[in-house]
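Below is protein_1.txt, holding compact mmCIF, C-alpha atoms.
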```txt
# COMPACT_ATOMS: atom_id res chain seq x y z
CA MET Q 2 -67.47 -11.98 44.65
CA MET Q 3 -69.67 -10.39 47.26
CA TYR Q 4 -69.56 -7.00 48.89
CA THR Q 5 -71.37 -5.80 51.98
CA PRO Q 6 -74.12 -3.33 51.19
CA GLN Q 7 -73.28 0.26 51.97
CA LYS Q 8 -75.25 2.50 54.25
CA ALA Q 9 -76.40 5.75 52.78
CA ALA Q 10 -75.13 8.77 54.66
CA SER Q 11 -75.20 12.42 53.80
CA GLY Q 12 -71.89 14.07 53.09
CA VAL Q 13 -69.75 16.24 55.30
CA VAL Q 14 -71.03 19.79 55.20
CA PHE Q 15 -68.83 22.79 55.72
CA ALA Q 16 -68.39 26.34 54.60
CA VAL Q 17 -65.10 27.91 53.62
CA LEU Q 18 -64.90 31.65 53.78
CA CYS Q 19 -61.87 32.95 52.03
CA LEU Q 20 -61.10 36.63 52.16
CA THR Q 21 -58.27 37.86 50.04
CA LEU Q 22 -58.09 41.49 49.17
CA ALA Q 23 -55.75 41.94 46.24
CA GLY Q 24 -53.50 44.98 46.35
CA CYS Q 25 -54.43 45.66 49.93
CA ALA Q 26 -52.32 45.71 53.08
CA THR Q 27 -54.70 43.30 54.85
CA PRO Q 28 -53.16 39.82 54.93
CA PRO Q 29 -55.21 37.04 53.30
CA SER Q 30 -57.39 35.07 55.69
CA THR Q 31 -59.57 32.00 55.59
CA GLY Q 32 -62.40 30.93 57.89
CA VAL Q 33 -63.80 27.41 57.92
CA VAL Q 34 -67.03 26.43 59.65
CA LEU Q 35 -68.25 22.86 60.05
CA LEU Q 36 -72.00 22.65 59.48
CA PRO Q 37 -74.21 19.84 60.83
CA GLN Q 38 -75.16 16.97 58.53
CA ASP Q 39 -78.80 16.60 57.49
CA ASP Q 40 -79.11 13.27 59.29
CA GLY Q 41 -77.26 14.43 62.42
CA THR Q 42 -74.39 11.95 62.07
CA PRO Q 43 -70.97 13.19 63.23
CA SER Q 44 -68.51 14.60 60.71
CA ALA Q 45 -65.18 16.39 60.79
CA VAL Q 46 -62.82 18.41 58.65
CA ARG Q 47 -59.17 19.27 59.09
CA VAL Q 48 -57.83 22.73 58.44
CA VAL Q 49 -54.12 23.11 57.74
CA SER Q 50 -52.49 26.52 57.55
CA ALA Q 51 -48.77 27.38 57.68
CA GLY Q 52 -47.94 24.00 59.24
CA GLU Q 53 -50.63 24.33 61.94
CA THR Q 54 -53.54 21.90 62.02
CA GLN Q 55 -56.99 22.23 63.54
CA LYS Q 56 -59.73 19.64 63.58
CA LEU Q 57 -63.34 20.80 63.45
CA ALA Q 58 -65.56 18.02 64.79
CA GLN Q 59 -68.55 19.84 66.34
CA PRO Q 60 -71.25 21.68 64.37
CA TYR Q 61 -70.43 25.38 64.00
CA ALA Q 62 -66.84 24.96 65.17
CA ARG Q 63 -64.77 27.52 63.27
CA ALA Q 64 -61.10 27.90 62.43
CA THR Q 65 -59.76 31.25 61.27
CA ALA Q 66 -56.37 31.49 59.63
CA VAL Q 67 -54.86 34.90 58.96
CA GLN Q 68 -51.55 34.82 57.17
CA GLY Q 69 -48.77 35.75 59.60
CA SER Q 70 -50.79 34.93 62.75
CA ALA Q 71 -51.58 31.76 64.69
CA MET Q 72 -54.80 30.00 63.69
CA ALA Q 73 -57.79 30.92 65.89
CA ALA Q 74 -60.55 28.57 67.04
CA ASP Q 75 -64.05 29.42 68.21
CA VAL Q 76 -67.66 28.36 67.82
CA THR Q 77 -70.23 30.30 65.83
CA SER Q 78 -73.97 29.60 65.44
CA ALA Q 79 -76.52 28.65 62.81
CA ALA Q 80 -78.07 32.10 63.00
CA ALA Q 81 -74.75 33.92 62.60
CA VAL Q 82 -73.60 31.81 59.64
CA GLU Q 83 -76.95 32.03 57.83
CA LYS Q 84 -77.06 35.79 58.36
CA ALA Q 85 -73.50 36.38 57.15
CA TYR Q 86 -73.68 34.06 54.11
CA PRO Q 87 -77.34 33.80 53.06
CA GLU Q 88 -76.63 32.95 49.40
CA VAL Q 89 -74.90 29.63 50.09
CA PHE Q 90 -78.00 28.53 52.00
CA ALA Q 91 -80.58 29.96 49.58
CA LEU Q 92 -78.98 28.31 46.54
CA ARG Q 93 -78.82 24.77 47.85
CA PRO Q 94 -80.20 22.49 45.10
CA ALA Q 95 -83.21 20.28 45.82
CA LYS Q 96 -82.27 16.99 47.44
CA PRO Q 97 -81.66 14.11 45.04
CA GLN Q 98 -84.54 11.68 44.67
CA ARG Q 99 -84.17 7.98 43.96
CA PHE Q 100 -86.42 5.70 41.88
CA VAL Q 101 -86.01 1.94 41.43
CA ILE Q 102 -86.92 -0.27 38.48
CA TYR Q 103 -86.78 -4.06 38.79
CA PHE Q 104 -85.65 -6.29 35.97
CA GLU Q 105 -86.96 -9.72 35.02
CA ALA Q 106 -84.17 -12.17 34.13
CA GLY Q 107 -83.29 -11.79 30.45
CA ALA Q 108 -85.84 -9.01 29.89
CA THR Q 109 -85.17 -6.48 27.16
CA GLU Q 110 -88.32 -4.43 27.66
CA LEU Q 111 -89.65 -2.59 30.67
CA ASN Q 112 -92.86 -3.76 32.31
CA PRO Q 113 -95.71 -1.24 32.80
CA GLN Q 114 -94.71 -0.63 36.43
CA ALA Q 115 -91.17 0.25 35.35
CA GLN Q 116 -92.46 2.54 32.62
CA GLN Q 117 -94.62 4.37 35.16
CA THR Q 118 -91.59 4.82 37.47
CA LEU Q 119 -89.56 6.14 34.56
CA ARG Q 120 -92.30 8.67 33.77
CA GLU Q 121 -92.32 9.87 37.39
CA ALA Q 122 -88.55 10.29 37.41
CA LEU Q 123 -88.60 12.23 34.16
CA THR Q 124 -91.44 14.48 35.29
CA LEU Q 125 -89.49 15.34 38.44
CA ALA Q 126 -86.30 15.99 36.45
CA GLN Q 127 -88.15 18.34 34.12
CA SER Q 128 -89.37 20.37 37.10
CA ARG Q 129 -85.84 21.01 38.40
CA PRO Q 130 -83.54 23.71 37.03
CA GLY Q 131 -80.34 22.18 35.68
CA ALA Q 132 -81.54 18.65 36.46
CA ASP Q 133 -79.32 15.67 35.77
CA MET Q 134 -80.04 11.96 36.07
CA VAL Q 135 -77.80 9.05 36.98
CA ILE Q 136 -79.15 5.65 35.92
CA THR Q 137 -77.28 2.95 37.86
CA GLY Q 138 -77.59 -0.77 37.17
CA HIS Q 139 -77.14 -3.40 39.88
CA SER Q 140 -76.85 -7.17 39.58
CA ASP Q 141 -77.28 -10.15 41.91
CA THR Q 142 -74.29 -12.29 42.92
CA VAL Q 143 -74.62 -14.94 40.18
CA GLY Q 144 -71.48 -15.02 38.03
CA GLU Q 145 -68.12 -13.26 38.12
CA SER Q 146 -68.01 -9.72 39.50
CA ALA Q 147 -66.42 -8.33 36.31
CA GLU Q 148 -69.26 -9.82 34.24
CA ASN Q 149 -71.76 -8.30 36.65
CA ASP Q 150 -70.11 -4.88 36.24
CA ALA Q 151 -70.67 -5.19 32.48
CA LEU Q 152 -74.19 -6.61 32.85
CA SER Q 153 -75.32 -3.91 35.27
CA LEU Q 154 -73.91 -1.17 33.03
CA HIS Q 155 -75.67 -2.72 30.04
CA ARG Q 156 -78.99 -2.68 31.94
CA ALA Q 157 -78.49 0.95 32.86
CA GLU Q 158 -77.70 1.83 29.24
CA GLN Q 159 -80.83 -0.04 28.14
CA VAL Q 160 -83.00 1.96 30.53
CA ARG Q 161 -81.32 5.19 29.40
CA GLU Q 162 -82.05 4.31 25.78
CA LEU Q 163 -85.70 3.45 26.54
CA LEU Q 164 -86.02 6.75 28.38
CA LEU Q 165 -84.59 8.70 25.43
CA GLN Q 166 -86.98 6.93 23.04
CA SER Q 167 -90.09 7.42 25.18
CA GLU Q 168 -92.95 9.67 24.06
CA LEU Q 169 -92.84 11.67 27.27
CA PHE Q 170 -89.15 12.38 26.74
CA LYS Q 171 -89.77 13.49 23.16
CA GLN Q 172 -92.42 15.92 24.39
CA GLN Q 173 -90.23 17.43 27.11
CA PRO Q 174 -86.66 16.44 26.41
CA LEU Q 175 -83.75 16.85 28.79
CA PRO Q 176 -80.31 17.23 27.19
CA ALA Q 177 -79.02 13.68 26.71
CA GLU Q 178 -75.58 14.58 28.07
CA ARG Q 179 -77.20 15.20 31.44
CA ILE Q 180 -78.35 11.57 31.66
CA GLU Q 181 -75.52 9.27 32.72
CA ALA Q 182 -75.56 5.46 32.82
CA ALA Q 183 -73.44 3.62 35.42
CA GLY Q 184 -73.02 -0.02 36.49
CA ARG Q 185 -72.24 -0.95 40.08
CA GLY Q 186 -72.29 -4.74 39.52
CA GLU Q 187 -72.88 -6.62 42.77
CA ARG Q 188 -71.40 -3.96 45.06
CA GLU Q 189 -74.68 -2.65 46.48
CA LEU Q 190 -77.03 -5.54 47.11
CA ALA Q 191 -80.57 -4.50 48.06
CA THR Q 192 -80.97 -7.92 49.70
CA PRO Q 193 -77.66 -9.28 51.05
CA THR Q 194 -76.99 -12.85 49.86
CA ALA Q 195 -74.11 -15.30 49.65
CA ASP Q 196 -72.16 -15.48 46.38
CA ASN Q 197 -73.89 -17.05 43.35
CA VAL Q 198 -77.43 -16.53 44.58
CA ALA Q 199 -80.12 -15.50 42.08
CA GLU Q 200 -82.07 -12.75 43.85
CA PRO Q 201 -84.59 -10.75 41.80
CA SER Q 202 -84.60 -7.77 44.20
CA ASN Q 203 -80.89 -7.27 43.53
CA ARG Q 204 -81.38 -7.09 39.75
CA ARG Q 205 -82.50 -3.52 39.53
CA VAL Q 206 -81.81 -0.14 38.06
CA GLU Q 207 -81.83 2.95 40.26
CA ILE Q 208 -82.56 6.35 38.83
CA LEU Q 209 -81.21 9.30 40.73
CA VAL Q 210 -82.74 12.66 39.85
CA ARG Q 211 -80.82 15.67 41.12
CA MET I 9 -77.56 18.22 17.51
CA ILE I 10 -77.17 15.90 14.53
CA ALA I 11 -75.18 18.52 12.62
CA LEU I 12 -72.89 18.97 15.61
CA CYS I 13 -72.27 15.22 15.84
CA ALA I 14 -71.44 15.09 12.14
CA LEU I 15 -68.92 17.89 12.54
CA THR I 16 -67.17 16.45 15.55
CA ALA I 17 -66.94 13.05 13.86
CA HIS I 18 -64.43 14.58 11.44
CA ALA I 19 -62.49 16.45 14.08
CA GLN I 20 -59.30 14.61 15.01
CA PRO I 21 -58.46 14.52 17.85
CA LYS I 22 -61.65 14.76 19.84
CA THR I 23 -61.59 17.96 21.88
CA GLU I 24 -64.76 17.48 23.91
CA VAL I 25 -64.13 18.19 27.60
CA ALA I 26 -65.59 15.75 30.08
CA ARG I 27 -68.48 16.92 32.24
CA ALA I 28 -67.37 16.92 35.88
CA GLY I 29 -70.56 18.50 37.18
CA THR I 30 -73.77 20.33 36.34
CA VAL I 31 -74.80 23.85 37.28
CA LYS I 32 -78.05 23.90 39.26
CA LEU I 33 -79.10 27.34 40.48
CA VAL I 34 -77.67 30.65 39.33
CA LYS I 35 -78.39 34.10 40.75
CA GLY I 36 -77.06 37.42 39.45
CA MET I 37 -73.78 37.70 37.54
CA VAL I 38 -71.93 34.38 37.26
CA GLN I 39 -69.23 33.67 34.66
CA VAL I 40 -67.19 30.63 33.76
CA GLU I 41 -63.61 31.20 32.63
CA ASN I 42 -61.45 28.61 30.87
CA ALA I 43 -59.09 28.17 27.91
CA GLN I 44 -61.99 28.95 25.54
CA GLY I 45 -62.55 32.34 27.17
CA SER I 46 -65.25 33.65 29.45
CA LYS I 47 -69.04 33.36 29.26
CA ALA I 48 -72.15 33.57 31.42
CA LEU I 49 -72.78 30.39 33.41
CA LEU I 50 -76.33 29.07 33.11
CA SER I 51 -78.38 26.49 34.93
CA GLY I 52 -77.79 23.08 33.30
CA ASP I 53 -74.34 23.97 31.94
CA ALA I 54 -71.50 21.48 32.30
CA VAL I 55 -68.57 22.33 34.55
CA SER I 56 -65.23 20.71 33.72
CA VAL I 57 -61.77 20.45 35.24
CA ALA I 58 -59.84 23.77 34.98
CA ASP I 59 -63.03 25.85 34.80
CA VAL I 60 -63.11 28.90 37.06
CA VAL I 61 -66.54 29.97 38.34
CA ALA I 62 -66.55 33.70 39.07
CA THR I 63 -69.47 35.42 40.80
CA GLY I 64 -70.18 39.16 40.93
CA ALA I 65 -71.30 41.23 43.91
CA ASP I 66 -74.92 40.08 43.34
CA GLY I 67 -73.94 36.62 42.07
CA ALA I 68 -74.16 33.11 43.51
CA ALA I 69 -74.37 29.62 42.04
CA SER I 70 -74.74 25.99 43.02
CA LEU I 71 -73.36 22.97 41.22
CA VAL I 72 -73.40 19.22 41.71
CA LEU I 73 -70.40 17.13 40.67
CA ARG I 74 -70.88 13.64 39.20
CA ASP I 75 -70.25 11.96 42.55
CA GLY I 76 -72.93 14.12 44.19
CA SER I 77 -70.54 16.63 45.80
CA THR I 78 -72.55 19.85 46.09
CA LEU I 79 -70.84 23.24 45.88
CA MET I 80 -72.59 26.49 46.71
CA VAL I 81 -70.58 29.54 45.73
CA GLY I 82 -71.39 32.91 47.31
CA PRO I 83 -70.96 36.45 45.92
CA ASN I 84 -67.60 38.00 44.94
CA SER I 85 -66.04 34.57 44.66
CA ARG I 86 -63.60 32.77 42.39
CA LEU I 87 -63.58 29.00 42.48
CA GLU I 88 -61.45 26.74 40.31
CA LEU I 89 -62.23 23.05 39.81
CA LYS I 90 -58.57 22.08 39.95
CA SER I 91 -58.97 18.31 39.70
CA PHE I 92 -61.85 15.88 39.49
CA ALA I 93 -62.01 12.18 38.70
CA PHE I 94 -64.82 9.74 39.41
CA ASP I 95 -65.28 6.10 38.47
CA SER I 96 -69.01 5.44 38.72
CA THR I 97 -68.50 1.66 39.02
CA THR I 98 -66.00 1.63 41.91
CA GLN I 99 -66.88 5.14 43.19
CA ASP I 100 -63.15 5.91 43.45
CA GLY I 101 -61.89 9.35 42.52
CA ASN I 102 -60.72 12.70 43.79
CA VAL I 103 -61.99 16.26 44.17
CA LEU I 104 -59.72 19.27 44.46
CA VAL I 105 -61.30 22.70 44.53
CA ASN I 106 -59.32 25.91 44.71
CA LEU I 107 -61.23 28.76 46.34
CA LEU I 108 -59.25 31.80 45.27
CA ARG I 109 -61.62 34.33 46.82
CA GLY I 110 -65.05 34.47 48.41
CA THR I 111 -67.35 31.91 49.97
CA LEU I 112 -67.95 28.21 49.37
CA ARG I 113 -70.28 25.80 51.11
CA MET I 114 -69.62 22.18 50.27
CA ILE I 115 -71.57 19.00 50.93
CA THR I 116 -69.29 16.09 50.09
CA GLY I 117 -70.54 13.25 47.89
CA LEU I 118 -69.60 9.64 47.19
CA ILE I 119 -65.85 10.34 46.92
CA GLY I 120 -65.94 12.00 50.34
CA LYS I 121 -67.79 9.00 51.75
CA ASN I 122 -65.52 6.33 50.25
CA HIS I 123 -62.20 8.19 50.09
CA PRO I 124 -62.35 11.21 52.41
CA GLU I 125 -58.59 11.69 52.01
CA SER I 126 -59.18 12.39 48.30
CA VAL I 127 -61.28 15.53 48.88
CA GLU I 128 -59.51 18.84 49.44
CA ILE I 129 -60.36 22.51 49.32
CA HIS I 130 -57.44 24.87 48.91
CA THR I 131 -57.49 28.59 49.65
CA PRO I 132 -54.53 30.99 49.39
CA THR I 133 -53.74 30.32 53.07
CA THR I 134 -55.21 26.94 54.00
CA ILE I 135 -55.97 23.38 52.98
CA VAL I 136 -59.27 21.94 54.16
CA GLY I 137 -59.50 18.16 54.18
CA VAL I 138 -62.34 15.79 55.00
CA LEU I 139 -61.39 13.53 57.87
CA GLY I 140 -61.27 9.81 57.52
CA THR I 141 -58.77 7.04 58.02
CA ASP I 142 -55.28 7.58 56.62
CA PHE I 143 -55.80 11.26 56.08
CA ILE I 144 -52.73 12.71 54.41
CA VAL I 145 -51.81 16.17 55.61
CA GLN I 146 -50.01 18.28 53.07
CA ALA I 147 -47.41 20.55 54.56
CA GLU I 148 -47.18 23.03 51.72
CA GLY I 149 -50.01 25.44 51.31
CA GLU I 150 -50.58 27.94 48.55
CA VAL I 151 -49.63 30.95 50.62
CA LYS I 152 -48.92 33.99 48.56
CA PRO I 153 -46.30 36.46 49.74
```

Kindly present the structure from the file in structure tokens form.
Amino acid sequence: MMYTPQKAASGVVFAVLCLTLAGCATPPSTGVVLLPQDDGTPSAVRVVSAGETQKLAQPYARATAVQGSAMAADVTSAAAVEKAYPEVFALRPAKPQRFVIYFEAGATELNPQAQQTLREALTLAQSRPGADMVITGHSDTVGESAENDALSLHRAEQVRELLLQSELFKQQPLPAERIEAAGRGERELATPTADNVAEPSNRRVEILVR
Amino acid sequence: MIALCALTAHAQPKTEVARAGTVKLVKGMVQVENAQGSKALLSGDAVSVADVVATGADGAASLVLRDGSTLMVGPNSRLELKSFAFDSTTQDGNVLVNLLRGTLRMITGLIGKNHPESVEIHTPTTIVGVLGTDFIVQAEGEVKP
């Protein structure tokens, strides 16, 4: 089996402002603002309230739904949103960072280059409050896709285990439950190939620190 | 840690709740409420399905779900993680967040990229969905009288 590689894109960004005052005569209301994506690509959300639907497809487009009234549409600004809701901007976590380790066929130990990469990833994780790591294995297209799912997960688990056993980790440990291993098989090829092609650059483990 | 593992090994059935996300930054008063009660939410804590994150007047918090969905919760807010599932191999899953009160900023993650129709934010008056192909609009909201 072969899959086309996926393009990385940042997620849809929006803010939901929900004002409900319990025990008050004011009807509950909700405001939704679409925020621009980091990479500038278009995005959209749909707001549904009391059977009415509004699509927000431009940055800073806003829908306001007050119970008992028709939904209102307008456009706000970066300055207005950041002034009204500073906390949701101030508390954005640091952007995830990706590291890649390449595997030699049949290898059970990491080469010095891979160990260095692992050290860098761990050092970064230890500098971030509430850090977690996702270690994702990838395979090339040799063999059945189900086998490659298992193989890639096994590689990720191996790297996770090596990380947990490393001296650096023992000096500055991160809770083990915040380090997850995953296997993506041949779904995300670094170098696109036909099926059943041995390609070393596709046999890799990615470490996401966030 | 070892003692804890030894204890849970005898516990039948296993009651450990799956980690849906991890708390990143916390400011001021932030609590998590669930079936076990209520406690202060700290950076690095796990967040699981059915947890309610409650922030005080000076409180705010950010959390990242396993698929990379990032939630930033403002002051005077109550946010319930109503449903979350994520298969890290296929990247299929769903996210349903219930914002009962306050402010939420969300940056969608892998589920939003691969299955935008499976990401929803509910408030007492609205349903916010991420647009993609085959978006399913739900007619019933959670409007309170």

Counting only C-alpha atoms, collect the residues of chain I whose closest atom lies at most 8 Å from chain Q, and write them out as a ChimeraX atom specification.
/I:30-34,51-53,68-71,77,80-83,96-98,107-118,120-121,131-139,145-149,151

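Take CA of Ala115 in chain Q and CA of Glu187 in chain Q: the distance between them is 20.9 Å.
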
May I have the centre and edge lengths, in Å to one decimal, of an axis-aligned box around the listed atoms of range 62-79 of chain I with 6 Å added to every side, as AutoDock Vina command-line options?
```
--center_x -70.7 --center_y 26.6 --center_z 42.6 --size_x 20.4 --size_y 41.3 --size_z 19.0
```

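Across the model, the gap from CA of Leu125 in chain Q to CA of Arg161 in chain Q is 15.9 Å.
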
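The two atoms in question, CA of Leu165 in chain Q and CA of Leu49 in chain I, are spaced 26.0 Å apart.
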
Q:Val76, Q:Ala122, Q:Ala157, Q:Ala191 ranked by distance to Val210 in chain Q, top pick (using all atoms listed in the file):
Q:Ala122

Shell around Gly67 in chain I at 7 Å using all atoms listed in the file, local window under 3 positions removed, as a PyMOL selection string:
chain I and resi 35-38+63-64+82-83
